[in-house]
Amino acid sequence: MSVAGINVLVEETRAIQAGGRPPLLSVRGVSTYYGSVAALKGVDLDVGEGEIVTLIGANGAGKSTLMMTVFGAPQARSGTITYEGRDITRVPTHAIARLGIAQSPEGRRVFPRMTVHENLQMGAALHEGRFFAEDLAKVVTLFPRVGERLHQRAGTMSGGEQQMLAIARALMSRPKLLLLDEPSLGLAPLVVKGIFDAIRRLNREDGMTIFLVEQNAYHALKLAHRGYVLVNGRITLSGTGRELLDDPSVKAAYLEGGHAAPAAGGGHA
Amino acid sequence: MTRPVTDALPASAMAGILRDAALYALVAFGLCVPLIAYRADPGPGSDLVLVPRWGLVAILCAAVFGLRLLQRLVLLRRDARRALAPSPAQATEAVGGEPDAGQAVSKLGLRAFVAVALTLPVLAVLATGDLASSRYWIDLGILILTYVMLGWGLNIVVGLAGLLDLGYVAFYAVGAYSYALLSTTFGLSFWVCLPLAGLFAGLWGMLLGFPVLRLRGDYLAIVTLAFGEIIRLVLINWTDVTGGAAGVSSIPRATFFGIPFSPDEDGFAAKFGLEYDSMHRVVFLYYLILVLALITNLVTLRLRRLPIGRAWEALREDEIACRSLGIDTTATKLTAFALGAAFGGIAGSFFAVRQGFISPESFTFLESAIILAIVVLGGMGSQFGVAIAAVAMVAGPEMLRNLGGLKAVFGEGFDPSEYRLLLFGLAMVAMMVWRPRGLISVRMPSVTLGKRRAISGAHVSEGHG
């Protein structure tokens with residue numbers, strides 16, 4: 001039996017353990033192309049309800065493409081993506097957002113000339129402001145820095161603050177599934193820690209399901225329940241965060257480079 | 001002049017500035033009374049005749065008031081900008097919830113503009129002596145306001161939604177021809193045709209919008225440019241309906257809600273017990289376009305506070321982020337496009353009723369370019385900026401026409417109005433150098449202040465970081 005086969009088995013077992021429910025998000029055999037170039041070549045991936053799942057990989061492996069494909073921009077050329085048992089492969093992006101998936105996109109993409117407050121309002125656009133005050137209170141508790149800068153133009157904030165705003169804006173739509181694309185990109189270690197702590201809190205306290213795409217493999221795997229490794233548009237490995245952290249090939253490829261963190265318990269010197 | 005104006009409430013600061021300017025005007029008035037109010041002309045005999053010149057006095061006082069106001073506001077804005085300048089230690093804007101002075105200028109400026117626009121016919125009559133000789137100024141006012149309305153309409157598309165439309169004149173043409181053809185063919189009155197023209201133009205906007213709004217930036221610009229030309233060519237070549245290059249003439253004049261401006265006893269003058277004057281119609285047209293322009297402005301300001309307006313602005317900032325927040329970008333763009341087109345159409349039907357004659361010649365690319373220039377010069381998205389830019393772009397060339405004195409310098413053959421485009425070019429270059437983001441480049445946050453302060457105050461204190 002192939003490694004992939006074993007992984008599928010492992011995942012199915014996990015699904016049964018989770019009460020026999022199918023995963024919240026399920027990606028099956030998805031291939032995405034940019035013109036004639038395949039960026040994803042038959043990716044299988046599951047995100048169960050209440051989980052933090054991370055996808056790690058090098059630059060150009062197709063991590064962001066996978067995240068964007070889930071969001072319908074670009075749409076998968078083949079394969080299916082199901083969310084809550086519903087096929088969303090061909091659903092337009094804005095309609096996907098209405099199903100309860102929110103995203104903090106790569107490069108944050110806050111609205112720079114609008115104030116922080118207005119950015120958050122745009123995040124709540126789906127609900128036409130019905131829960132605005134309540135949700136605003138929630139996100140500023142999670143990210144006090146965002147609360148301090150409500151009247152400031154988003155473009156004048158630091159990178160870390162913009163990242164927090166991007167996540168806060170995504171949360172304003174009350175998602176069930178939160179997609180985060182490289183929230184640590186270009187940020188100071190201390191800021192990264194703050195953001196990852198917030199993600200952990202979201203998951204623990206609110207039971208938010210989170211799909212996290214990261215280059216910072218050490219932090220991501222420590223945070224996540226499960227992880228996948230993407231290489232050249234294919235999933236090569238999957239397992240729990242701990243397993244992947246200890247996996248020699250993951251160590252060699254992703255942990256001993258620039259992102260390498262201090263030896264994490266399980267002895268690699 | 002370094003009062004801490006930003007700390008004061010903007011309303012009270014404004015009131016102070018207004019008082020100050022009013023004081024200046026009062027002093028000017030005091031000086032004017034002995035010096036200017038009466039001119040002593042040699043009378044029929046050896047005596048002098050006093051000729052009253054109160055109109056001139058009014059204009060001078062108004063000018064002093066306006067200039068002082070402008071000076072104070074510019075200084076206020078400069079001070080505020082300095083106060084707001086980020087310190088190197090904290091590379092962020094001031095966090096205060098108050099509008100910066102620039103926004104106050106923008107808001108107050110719009111009010112001042114409306115005030116001047118409302119009183120222009122009165123001012124013109126005061127200045128020139130009687131109604132008939134003020135016609136030139138009122139006509140110029142009508143022309144300017146038409147462009148203000150077009151600018152405000154296009155501002156929705158370009159300034160708010162960020163869609164570069166180079167063929168806006170097409171909707172202007174659709175509106176003009178809607179009224180011209182409906183009234184000459186079916187005898188529909190202007191008041192029925194006005195909303196219809198807006199509707200038609202809006203529909204055309206949608207029709208064009210569906211296929212092209214997936215394009216972005218330069219591509220959208222080129223397609224809209226082509227659309228503008230197509231409409232013009234159709235108007236020229238579809239002779240059976242549009243009359244071709246000859247255009248449509250003898251378009252019915254506007255009526256005072258059904259009462260014609262005619263000298264007979266059913267006319268406006270007779271009904272209201274006035275002496276007939278052909279200027280009644282001109283003044284009426286002036287106020288009509290003023291009201292139409294103000295409606296455009298009001299709708300825009302209102303929509304900016306609604307989710308759809310916020311969505312337009314977000315769309316201009318980042319389309320991908322918009323889509324990922326669940327905003328249907330196609331529908332959002334279409335509404336902006338259709339609404340902008342509808343206002344263009346209404347302005348067009350006003351143009352037709354005012355001219356009484358239209359031909360495709362009036363709807364060339366140059367018109368689109370001028371309207372776009374008004375929006376860009378004004379600072380994209382700023383209502384007041386657009387109004388100022390419209391005044392500059394339309395009144396500027398008119399002023400050139402009056403610079404006959406230059407003939408003495410450049411010789412008899414010199415016609416200043418021929419250098420119009422050259423001056424436009426120079427003005428554009430100057431703008432790019434000194435004000436690359438337009439005359440009024442600040443954007444007012446669309447949320448009220450009290451509420452925002454309350455929210456910030458409540459949550460900062462429980463900070464965890």
# chains A, B, ... in the order shown; residues from 1 in each chain; ligands from 1
call {"tool": "residues_around", "arguments": {"residues": "A:Lys41", "least_positions_apart": "2", "cutoff": "6 Å", "atoms": "only C-alpha atoms", "output": "mmCIF file with N, CA and C atoms, in the first residue's frame"}}
result
data_model
loop_
_atom_site.group_PDB
_atom_site.id
_atom_site.type_symbol
_atom_site.label_atom_id
_atom_site.label_comp_id
_atom_site.auth_asym_id
_atom_site.auth_seq_id
_atom_site.Cartn_x
_atom_site.Cartn_y
_atom_site.Cartn_z
ATOM 1 N N SER A 31 -6.766 19.555 -9.525
ATOM 2 C CA SER A 31 -5.678 20.080 -10.344
ATOM 3 C C SER A 31 -6.053 21.483 -10.794
ATOM 4 N N VAL A 43 -4.485 17.110 -5.898
ATOM 5 C CA VAL A 43 -4.279 17.248 -4.448
ATOM 6 C C VAL A 43 -5.479 16.686 -3.681
ATOM 7 N N GLY A 233 3.184 20.918 -6.366
ATOM 8 C CA GLY A 233 1.787 20.698 -6.713
ATOM 9 C C GLY A 233 1.244 19.348 -6.269
ATOM 10 N N ARG A 234 2.046 18.573 -5.499
ATOM 11 C CA ARG A 234 1.543 17.287 -4.999
ATOM 12 C C ARG A 234 1.742 17.219 -3.498
#
call {"tool": "select_by_dssp", "arguments": {"residues": "stretch 112-176 of chain A", "states": "alpha helix (DSSP H)", "output": "number ranges by chain"}}
result
A: 116-123, 132-142, 144-148, 159-171
call {"tool": "residues_around", "arguments": {"residues": "B:Ala427", "least_positions_apart": "2", "cutoff": "12 Å", "atoms": "only C-alpha atoms", "output": "ChimeraX atom specification"}}
result
/B:373-374,377,389,392-393,396,420-425,429-436,438-439
call {"tool": "interface_residues", "arguments": {"of": "chain A", "to": "chain B", "cutoff": "8 Å", "atoms": "only C-alpha atoms", "output": "count of residues only"}}
result
40
call {"tool": "residues_around", "arguments": {"residues": "stretch 50-62 of chain B", "least_positions_apart": "3", "cutoff": "10 Å", "atoms": "only C-alpha atoms", "output": "PyMOL selection string"}}
result
chain B and resi 21-22+24-33+35-43+47+65-68+116+122-129
call {"tool": "closest_residue", "arguments": {"among": "A:Gly160, A:Val91, A:Ile52, A:His117", "to": "A:Leu202", "atoms": "only C-alpha atoms"}}
result
A:Ile52
call {"tool": "closest_residue", "arguments": {"among": "B:Ala338, B:Leu110, B:Ala221, B:Met279", "to": "B:Val157", "atoms": "only C-alpha atoms"}}
result
B:Ala338
call {"tool": "closest_residue", "arguments": {"among": "B:Phe200, B:Phe113, B:Trp238, B:Phe284", "to": "B:Asp139", "atoms": "only C-alpha atoms"}}
result
B:Phe284
call {"tool": "residues_around", "arguments": {"residues": "stretch 256-268 of chain B", "least_positions_apart": "3", "cutoff": "9 Å", "atoms": "only C-alpha atoms", "output": "PyMOL selection string"}}
result
chain B and resi 189-191+253+271-278+280-281+284
call {"tool": "residues_around", "arguments": {"residues": "A:Ser26", "least_positions_apart": "6", "cutoff": "12 Å", "atoms": "only C-alpha atoms", "output": "PyMOL selection string"}}
result
chain A and resi 8+11-12+15+43-49+53+70+79-89+177+211
call {"tool": "atom_distance", "arguments": {"atom1": "atom CA of B:Phe363", "atom2": "atom CA of B:Val248"}}
result
13.4 Å
